[in-house]
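Shown next, in structure tokens, is the structure this report addresses.
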Amino acid sequence: MTYNSDSSSSIVRLNIGGRKFCTTLDTLTQREPDSMLAAMFSGRHTICQESEKGHIFVDRDGKHFRHILNWLRDGVIPPLKDSEYAQLLQEAEYYQLLDLSFVDFSYACLKTVFFSRANLQCAKFRDVDAEASIFHNATLRECEFTGANLRGAVLAGANLQSANLQDACLIGCSFCGADLRSAHLQTADLTNANLEGANLEGANLKGAKLTNANLKGANLQRAYLRHVNLRDTHLEGAKLYGANLLGTIR
């Protein structure tokens with residue numbers, strides 16, 4: 001059967017791994033037009049229904065699908081147990097729902113979670129444990145990472161403009177080519193972090209630990225680096241024009 005995309009208010013019945021759901025075509029297609037669900041019901045694809053009750057079968061665990069639907073309806077993710085966040089995000093990845101802007105993940109355990117290319121603008125990650133998670137090319141503008149554990153996380157190519165990473169554990173993180181303009185990195189631990197080619201223009205690094213950090217080719221123009229110890233930091237080719245280096249140890 002092919003759904004008619006002109007019937008946007010049509011009722012759609014879904015069977016997700018044996019659990020039955022009822023929603024509308026608008027819900028499945030409007031908020032996330034580039035998602036797998038929107039594509040399924042765009043009218044461009046033929047999809048099979050169960051013969052008895054007209055449900056569309058999707059071979060996934062239906063445990064969290066009600067949260068997927070509520071996100072599509074209202075843009076809200078409910079408070080969950082730590083282990084359930086990772087499960088829900090895995091389902092969101094499968095359905096290609098990548099707009100997670102303004103979501104509050106604070107205090108959750110998000111170790112090794114895949115956020116690559118997701119829109120997380122203004123999301124809150126206060127005190128989360130996101131060790132070794134993947135934020136490659138994600139949009140993280142104005143995100144709140146205060147006190148977060150991001151040890152070994154991959155943030156290469158991410159947009160972190162004006163993000164707050166104060167007191168965060170960023171040991172061994174990859175920020176290659178990331179946009180950290182005007183980011184707040186006060187007292188963050190960037191030991192062994194790779195910031196090669198990153199844009200840190202106007203960033204505040206007061207009190208940050210940069211032991212063995214790689215800042216080769218980084219843009220540090222007008223960055224605040226007062227009293228920062230740069231003795232064991234790799235700065236070859238870095239741009240420091242206008243940076244505040246008063247009291248810096250080099």
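Following the order of the structure tokens, chains are lettered A, B, ..., residues in each are numbered from 1, and ligands are numbered from 1.
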
List the neighbours of A:Asn159 out to 12 Å using only C-alpha atoms; skip same-chain residues closer than 3 positions along the sequence, and give me the result as an mmCIF file with all heavy atoms, in the first residue's frame.
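As written to disk, around.cif reads:
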data_model
loop_
_atom_site.group_PDB
_atom_site.id
_atom_site.type_symbol
_atom_site.label_atom_id
_atom_site.label_comp_id
_atom_site.auth_asym_id
_atom_site.auth_seq_id
_atom_site.Cartn_x
_atom_site.Cartn_y
_atom_site.Cartn_z
ATOM 1 N N SER A 116 26.640 11.753 16.583
ATOM 2 C CA SER A 116 27.249 12.325 15.389
ATOM 3 C C SER A 116 26.206 13.007 14.500
ATOM 4 O O SER A 116 25.155 12.442 14.199
ATOM 5 C CB SER A 116 27.967 11.224 14.595
ATOM 6 O OG SER A 116 28.662 11.778 13.511
ATOM 7 N N ARG A 117 26.497 14.258 14.126
ATOM 8 C CA ARG A 117 25.683 15.071 13.215
ATOM 9 C C ARG A 117 24.335 15.498 13.819
ATOM 10 O O ARG A 117 23.509 16.099 13.135
ATOM 11 C CB ARG A 117 25.444 14.351 11.883
ATOM 12 C CG ARG A 117 26.717 14.048 11.104
ATOM 13 C CD ARG A 117 26.409 13.377 9.771
ATOM 14 N NE ARG A 117 25.668 12.139 9.945
ATOM 15 C CZ ARG A 117 26.224 10.988 10.273
ATOM 16 N NH1 ARG A 117 27.525 10.901 10.471
ATOM 17 N NH2 ARG A 117 25.490 9.897 10.418
ATOM 18 N N ALA A 118 24.086 15.187 15.074
ATOM 19 C CA ALA A 118 22.807 15.553 15.690
ATOM 20 C C ALA A 118 22.739 17.053 15.963
ATOM 21 O O ALA A 118 23.750 17.708 16.197
ATOM 22 C CB ALA A 118 22.613 14.788 16.997
ATOM 23 N N ASN A 119 21.532 17.586 15.934
ATOM 24 C CA ASN A 119 21.305 18.976 16.322
ATOM 25 C C ASN A 119 21.008 19.008 17.817
ATOM 26 O O ASN A 119 19.934 18.610 18.250
ATOM 27 C CB ASN A 119 20.133 19.578 15.542
ATOM 28 C CG ASN A 119 19.855 21.023 15.959
ATOM 29 O OD1 ASN A 119 20.649 21.635 16.680
ATOM 30 N ND2 ASN A 119 18.743 21.568 15.518
ATOM 31 N N LEU A 120 21.981 19.449 18.600
ATOM 32 C CA LEU A 120 21.867 19.491 20.059
ATOM 33 C C LEU A 120 21.984 20.924 20.574
ATOM 34 O O LEU A 120 22.345 21.149 21.726
ATOM 35 C CB LEU A 120 22.953 18.615 20.692
ATOM 36 C CG LEU A 120 22.793 17.104 20.464
ATOM 37 C CD1 LEU A 120 24.139 16.400 20.499
ATOM 38 C CD2 LEU A 120 21.855 16.508 21.501
ATOM 39 N N GLN A 121 21.651 21.865 19.730
ATOM 40 C CA GLN A 121 21.789 23.263 20.122
ATOM 41 C C GLN A 121 21.019 23.552 21.408
ATOM 42 O O GLN A 121 19.851 23.177 21.557
ATOM 43 C CB GLN A 121 21.284 24.184 19.002
ATOM 44 C CG GLN A 121 21.423 25.667 19.338
ATOM 45 C CD GLN A 121 21.220 26.550 18.140
ATOM 46 O OE1 GLN A 121 21.486 26.154 17.010
ATOM 47 N NE2 GLN A 121 20.758 27.760 18.361
ATOM 48 N N CYS A 122 21.693 24.195 22.351
ATOM 49 C CA CYS A 122 21.105 24.594 23.637
ATOM 50 C C CYS A 122 20.694 23.411 24.511
ATOM 51 O O CYS A 122 19.981 23.586 25.502
ATOM 52 C CB CYS A 122 19.906 25.522 23.436
ATOM 53 S SG CYS A 122 20.339 27.112 22.677
ATOM 54 N N PHE A 135 30.405 12.939 19.250
ATOM 55 C CA PHE A 135 29.684 14.163 18.884
ATOM 56 C C PHE A 135 30.234 14.720 17.568
ATOM 57 O O PHE A 135 30.168 15.911 17.319
ATOM 58 C CB PHE A 135 29.838 15.218 19.976
ATOM 59 C CG PHE A 135 29.191 14.879 21.289
ATOM 60 C CD1 PHE A 135 29.903 14.193 22.273
ATOM 61 C CD2 PHE A 135 27.880 15.247 21.565
ATOM 62 C CE1 PHE A 135 29.320 13.901 23.502
ATOM 63 C CE2 PHE A 135 27.290 14.958 22.783
ATOM 64 C CZ PHE A 135 28.014 14.277 23.761
ATOM 65 N N HIS A 136 30.792 13.864 16.738
ATOM 66 C CA HIS A 136 31.436 14.291 15.500
ATOM 67 C C HIS A 136 30.467 15.092 14.627
ATOM 68 O O HIS A 136 29.367 14.638 14.313
ATOM 69 C CB HIS A 136 31.925 13.050 14.736
ATOM 70 C CG HIS A 136 32.612 13.353 13.452
ATOM 71 N ND1 HIS A 136 31.999 13.219 12.226
ATOM 72 C CD2 HIS A 136 33.871 13.804 13.193
ATOM 73 C CE1 HIS A 136 32.842 13.554 11.266
ATOM 74 N NE2 HIS A 136 33.976 13.906 11.820
ATOM 75 N N ASN A 137 30.880 16.327 14.276
ATOM 76 C CA ASN A 137 30.086 17.210 13.409
ATOM 77 C C ASN A 137 28.700 17.536 13.980
ATOM 78 O O ASN A 137 27.788 17.909 13.230
ATOM 79 C CB ASN A 137 29.928 16.608 12.009
ATOM 80 C CG ASN A 137 31.207 16.678 11.198
ATOM 81 O OD1 ASN A 137 32.093 17.479 11.498
ATOM 82 N ND2 ASN A 137 31.334 15.846 10.190
ATOM 83 N N ALA A 138 28.523 17.408 15.274
ATOM 84 C CA ALA A 138 27.236 17.747 15.894
ATOM 85 C C ALA A 138 27.117 19.258 16.080
ATOM 86 O O ALA A 138 28.113 19.975 16.177
ATOM 87 C CB ALA A 138 27.089 17.043 17.239
ATOM 88 N N THR A 139 25.880 19.740 16.140
ATOM 89 C CA THR A 139 25.617 21.142 16.460
ATOM 90 C C THR A 139 25.393 21.257 17.956
ATOM 91 O O THR A 139 24.413 20.736 18.495
ATOM 92 C CB THR A 139 24.378 21.655 15.701
ATOM 93 O OG1 THR A 139 24.601 21.555 14.300
ATOM 94 C CG2 THR A 139 24.085 23.109 16.059
ATOM 95 N N LEU A 140 26.342 21.924 18.631
ATOM 96 C CA LEU A 140 26.321 22.031 20.092
ATOM 97 C C LEU A 140 26.407 23.488 20.543
ATOM 98 O O LEU A 140 26.880 23.785 21.637
ATOM 99 C CB LEU A 140 27.498 21.237 20.684
ATOM 100 C CG LEU A 140 27.453 19.715 20.464
ATOM 101 C CD1 LEU A 140 28.837 19.102 20.620
ATOM 102 C CD2 LEU A 140 26.485 19.069 21.447
ATOM 103 N N ARG A 141 25.921 24.381 19.738
ATOM 104 C CA ARG A 141 25.965 25.806 20.071
ATOM 105 C C ARG A 141 25.213 26.081 21.367
ATOM 106 O O ARG A 141 24.091 25.608 21.564
ATOM 107 C CB ARG A 141 25.359 26.648 18.957
ATOM 108 C CG ARG A 141 26.162 26.665 17.673
ATOM 109 C CD ARG A 141 25.613 27.649 16.680
ATOM 110 N NE ARG A 141 25.640 29.015 17.203
ATOM 111 C CZ ARG A 141 25.440 30.090 16.455
ATOM 112 N NH1 ARG A 141 25.207 29.970 15.157
ATOM 113 N NH2 ARG A 141 25.483 31.297 16.981
ATOM 114 N N GLU A 142 25.869 26.818 22.255
ATOM 115 C CA GLU A 142 25.271 27.256 23.522
ATOM 116 C C GLU A 142 24.849 26.095 24.424
ATOM 117 O O GLU A 142 23.992 26.252 25.296
ATOM 118 C CB GLU A 142 24.076 28.183 23.250
ATOM 119 C CG GLU A 142 24.460 29.434 22.473
ATOM 120 C CD GLU A 142 23.273 30.304 22.160
ATOM 121 O OE1 GLU A 142 22.540 30.680 23.096
ATOM 122 O OE2 GLU A 142 23.064 30.602 20.970
ATOM 123 N N CYS A 143 25.456 24.934 24.227
ATOM 124 C CA CYS A 143 25.160 23.797 25.097
ATOM 125 C C CYS A 143 25.784 23.989 26.475
ATOM 126 O O CYS A 143 26.771 24.689 26.640
ATOM 127 C CB CYS A 143 25.687 22.498 24.486
ATOM 128 S SG CYS A 143 24.579 21.778 23.273
ATOM 129 N N LEU A 155 34.671 15.144 19.475
ATOM 130 C CA LEU A 155 33.914 16.342 19.122
ATOM 131 C C LEU A 155 34.514 17.016 17.895
ATOM 132 O O LEU A 155 34.316 18.200 17.662
ATOM 133 C CB LEU A 155 33.872 17.311 20.306
ATOM 134 C CG LEU A 155 33.188 16.770 21.570
ATOM 135 C CD1 LEU A 155 34.216 16.456 22.649
ATOM 136 C CD2 LEU A 155 32.154 17.734 22.101
ATOM 137 N N ALA A 156 35.240 16.265 17.090
ATOM 138 C CA ALA A 156 35.870 16.809 15.888
ATOM 139 C C ALA A 156 34.809 17.392 14.955
ATOM 140 O O ALA A 156 33.789 16.761 14.691
ATOM 141 C CB ALA A 156 36.652 15.714 15.168
ATOM 142 N N SER A 162 29.996 29.379 21.829
ATOM 143 C CA SER A 162 29.401 29.859 23.081
ATOM 144 C C SER A 162 28.951 28.740 24.013
ATOM 145 O O SER A 162 28.166 28.967 24.933
ATOM 146 C CB SER A 162 28.210 30.797 22.789
ATOM 147 O OG SER A 162 28.629 31.912 22.018
ATOM 148 N N ALA A 163 29.435 27.531 23.787
ATOM 149 C CA ALA A 163 29.104 26.419 24.688
ATOM 150 C C ALA A 163 29.799 26.615 26.034
ATOM 151 O O ALA A 163 30.869 27.210 26.118
ATOM 152 C CB ALA A 163 29.513 25.091 24.077
ATOM 153 N N PHE A 175 38.989 17.595 19.464
ATOM 154 C CA PHE A 175 38.261 18.777 19.010
ATOM 155 C C PHE A 175 38.813 19.241 17.661
ATOM 156 O O PHE A 175 38.702 20.406 17.317
ATOM 157 C CB PHE A 175 38.402 19.919 20.014
ATOM 158 C CG PHE A 175 37.686 19.730 21.322
ATOM 159 C CD1 PHE A 175 38.347 19.218 22.421
ATOM 160 C CD2 PHE A 175 36.351 20.084 21.459
ATOM 161 C CE1 PHE A 175 37.703 19.073 23.644
ATOM 162 C CE2 PHE A 175 35.691 19.942 22.672
ATOM 163 C CZ PHE A 175 36.366 19.430 23.772
ATOM 164 N N CYS A 176 39.414 18.350 16.894
ATOM 165 C CA CYS A 176 40.040 18.736 15.630
ATOM 166 C C CYS A 176 39.038 19.489 14.747
ATOM 167 O O CYS A 176 37.967 18.966 14.413
ATOM 168 C CB CYS A 176 40.547 17.508 14.884
ATOM 169 S SG CYS A 176 41.894 16.653 15.689
ATOM 170 N N GLY A 177 39.396 20.708 14.356
ATOM 171 C CA GLY A 177 38.548 21.473 13.457
ATOM 172 C C GLY A 177 37.242 21.938 14.063
ATOM 173 O O GLY A 177 36.369 22.447 13.347
ATOM 174 N N ALA A 178 37.073 21.805 15.375
ATOM 175 C CA ALA A 178 35.829 22.213 16.017
ATOM 176 C C ALA A 178 35.733 23.735 16.102
ATOM 177 O O ALA A 178 36.736 24.445 16.141
ATOM 178 C CB ALA A 178 35.721 21.601 17.415
ATOM 179 N N ASP A 179 34.509 24.230 16.148
ATOM 180 C CA ASP A 179 34.257 25.660 16.288
ATOM 181 C C ASP A 179 33.944 25.951 17.754
ATOM 182 O O ASP A 179 32.860 25.638 18.243
ATOM 183 C CB ASP A 179 33.083 26.078 15.401
ATOM 184 C CG ASP A 179 32.904 27.593 15.345
ATOM 185 O OD1 ASP A 179 33.482 28.295 16.208
ATOM 186 O OD2 ASP A 179 32.183 28.075 14.454
ATOM 187 N N LEU A 180 34.927 26.523 18.461
ATOM 188 C CA LEU A 180 34.792 26.827 19.886
ATOM 189 C C LEU A 180 34.849 28.332 20.133
ATOM 190 O O LEU A 180 35.242 28.785 21.208
ATOM 191 C CB LEU A 180 35.905 26.123 20.673
ATOM 192 C CG LEU A 180 35.755 24.602 20.826
ATOM 193 C CD1 LEU A 180 37.119 23.931 20.911
ATOM 194 C CD2 LEU A 180 34.930 24.267 22.058
ATOM 195 N N ARG A 181 34.423 29.109 19.175
ATOM 196 C CA ARG A 181 34.434 30.554 19.348
ATOM 197 C C ARG A 181 33.577 30.973 20.544
ATOM 198 O O ARG A 181 32.442 30.521 20.691
ATOM 199 C CB ARG A 181 33.932 31.245 18.081
ATOM 200 C CG ARG A 181 34.937 31.274 16.938
ATOM 201 C CD ARG A 181 34.358 31.892 15.683
ATOM 202 N NE ARG A 181 33.346 31.028 15.093
ATOM 203 C CZ ARG A 181 32.575 31.379 14.056
ATOM 204 N NH1 ARG A 181 32.697 32.590 13.538
ATOM 205 N NH2 ARG A 181 31.698 30.541 13.563
ATOM 206 N N SER A 182 34.172 31.790 21.386
ATOM 207 C CA SER A 182 33.491 32.327 22.574
ATOM 208 C C SER A 182 33.036 31.241 23.544
ATOM 209 O O SER A 182 32.159 31.472 24.375
ATOM 210 C CB SER A 182 32.294 33.193 22.168
ATOM 211 O OG SER A 182 32.711 34.273 21.353
ATOM 212 N N ALA A 183 33.625 30.063 23.454
ATOM 213 C CA ALA A 183 33.277 28.987 24.390
ATOM 214 C C ALA A 183 33.847 29.273 25.770
ATOM 215 O O ALA A 183 34.871 29.945 25.920
ATOM 216 C CB ALA A 183 33.801 27.650 23.874
ATOM 217 N N ALA A 198 41.424 23.869 15.611
ATOM 218 C CA ALA A 198 40.158 24.321 16.195
ATOM 219 C C ALA A 198 40.103 25.842 16.216
ATOM 220 O O ALA A 198 41.127 26.529 16.287
ATOM 221 C CB ALA A 198 40.004 23.764 17.606
ATOM 222 N N ASN A 199 38.893 26.383 16.175
ATOM 223 C CA ASN A 199 38.702 27.832 16.234
ATOM 224 C C ASN A 199 38.265 28.210 17.649
ATOM 225 O O ASN A 199 37.139 27.960 18.051
ATOM 226 C CB ASN A 199 37.640 28.270 15.230
ATOM 227 C CG ASN A 199 37.570 29.793 15.109
ATOM 228 O OD1 ASN A 199 38.141 30.528 15.918
ATOM 229 N ND2 ASN A 199 36.869 30.265 14.088
ATOM 230 N N LEU A 200 39.215 28.793 18.412
ATOM 231 C CA LEU A 200 38.967 29.191 19.796
ATOM 232 C C LEU A 200 38.969 30.711 19.940
ATOM 233 O O LEU A 200 39.231 31.236 21.021
ATOM 234 C CB LEU A 200 40.036 28.576 20.702
ATOM 235 C CG LEU A 200 39.942 27.056 20.888
ATOM 236 C CD1 LEU A 200 41.306 26.409 20.871
ATOM 237 C CD2 LEU A 200 39.226 26.733 22.187
#

**OP:** Within 8 Å of A:Arg222, counting only C-alpha atoms, which residues show up once you throw out same-chain ones fewer than 6 positions away? Write them as a VMD selection string, please.
**Re:** chain A and resid 201 to 203 240 to 244

Export of prior selection with N, CA and C atoms as a compact mmCIF listing (two decimals), in the first residue's frame:
# COMPACT_ATOMS: atom_id res chain seq x y z
N GLU A 201 38.64 31.39 18.88
CA GLU A 201 38.64 32.86 18.93
C GLU A 201 37.69 33.36 20.02
N GLY A 202 38.23 34.18 20.92
CA GLY A 202 37.41 34.75 21.98
C GLY A 202 37.03 33.78 23.08
N ALA A 203 37.57 32.56 23.05
CA ALA A 203 37.24 31.57 24.09
C ALA A 203 37.89 31.94 25.42
N LEU A 240 47.73 33.72 17.78
CA LEU A 240 47.56 34.26 19.13
C LEU A 240 47.36 35.78 19.12
N TYR A 241 47.09 36.35 17.97
CA TYR A 241 46.94 37.81 17.88
C TYR A 241 45.79 38.27 18.78
N GLY A 242 46.11 39.23 19.65
CA GLY A 242 45.08 39.80 20.51
C GLY A 242 44.69 38.95 21.70
N ALA A 243 45.34 37.79 21.87
CA ALA A 243 45.02 36.93 23.02
C ALA A 243 45.54 37.56 24.31
N ASN A 244 44.82 37.35 25.38
CA ASN A 244 45.23 37.86 26.69
C ASN A 244 46.15 36.83 27.32

Subject >> Close residues, stretch 229-236 of chain A itself excluded, 8 Å, only C-alpha atoms, min 6 positions apart in chain, as a ChimeraX atom specification >> reply: /A:209-218,248-250

10 Å contact set for stretch 65-76 of chain A, only C-alpha atoms, chain neighbours under 4 positions out, as a compact mmCIF listing (two decimals) with C-alpha atoms, in the first residue's frame:
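The new file part_16.txt reads:
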# COMPACT_ATOMS: atom_id res chain seq x y z
CA ILE A 16 6.46 -1.84 16.54
CA GLY A 17 7.89 -5.21 17.53
CA ARG A 19 3.33 -3.27 20.41
CA LYS A 20 0.44 -1.39 18.76
CA PHE A 21 0.36 2.40 18.33
CA CYS A 22 -2.06 4.82 16.69
CA THR A 23 -0.99 8.24 15.41
CA THR A 24 -1.46 10.57 12.43
CA ASP A 26 1.14 14.73 10.36
CA THR A 27 2.89 13.50 13.50
CA LEU A 28 5.12 11.14 11.54
CA THR A 29 6.13 13.64 8.86
CA GLN A 30 6.04 17.25 10.09
CA ARG A 31 8.57 17.75 12.91
CA GLU A 32 11.33 15.59 11.38
CA ARG A 60 12.07 -2.85 16.30
CA ASP A 61 11.67 -3.11 20.06
CA LEU A 88 16.10 5.69 23.49
CA LEU A 89 18.94 7.41 21.62
CA GLU A 91 16.07 4.06 18.63
CA ALA A 92 16.22 7.76 17.66
CA TYR A 95 14.57 6.36 12.94
CA LEU A 97 15.61 11.62 14.41
CA ASP A 99 16.99 17.13 16.22
CA LEU A 100 17.60 17.01 19.98
CA SER A 101 17.91 20.76 20.53
CA PHE A 102 17.00 22.06 24.00
CA VAL A 103 16.77 18.54 25.49
CA ASP A 104 17.92 18.30 29.12

Original post:
atom CA of A:Leu80 and atom CA of A:Ala153 are how many Å apart?
Top reply: 22.5 Å
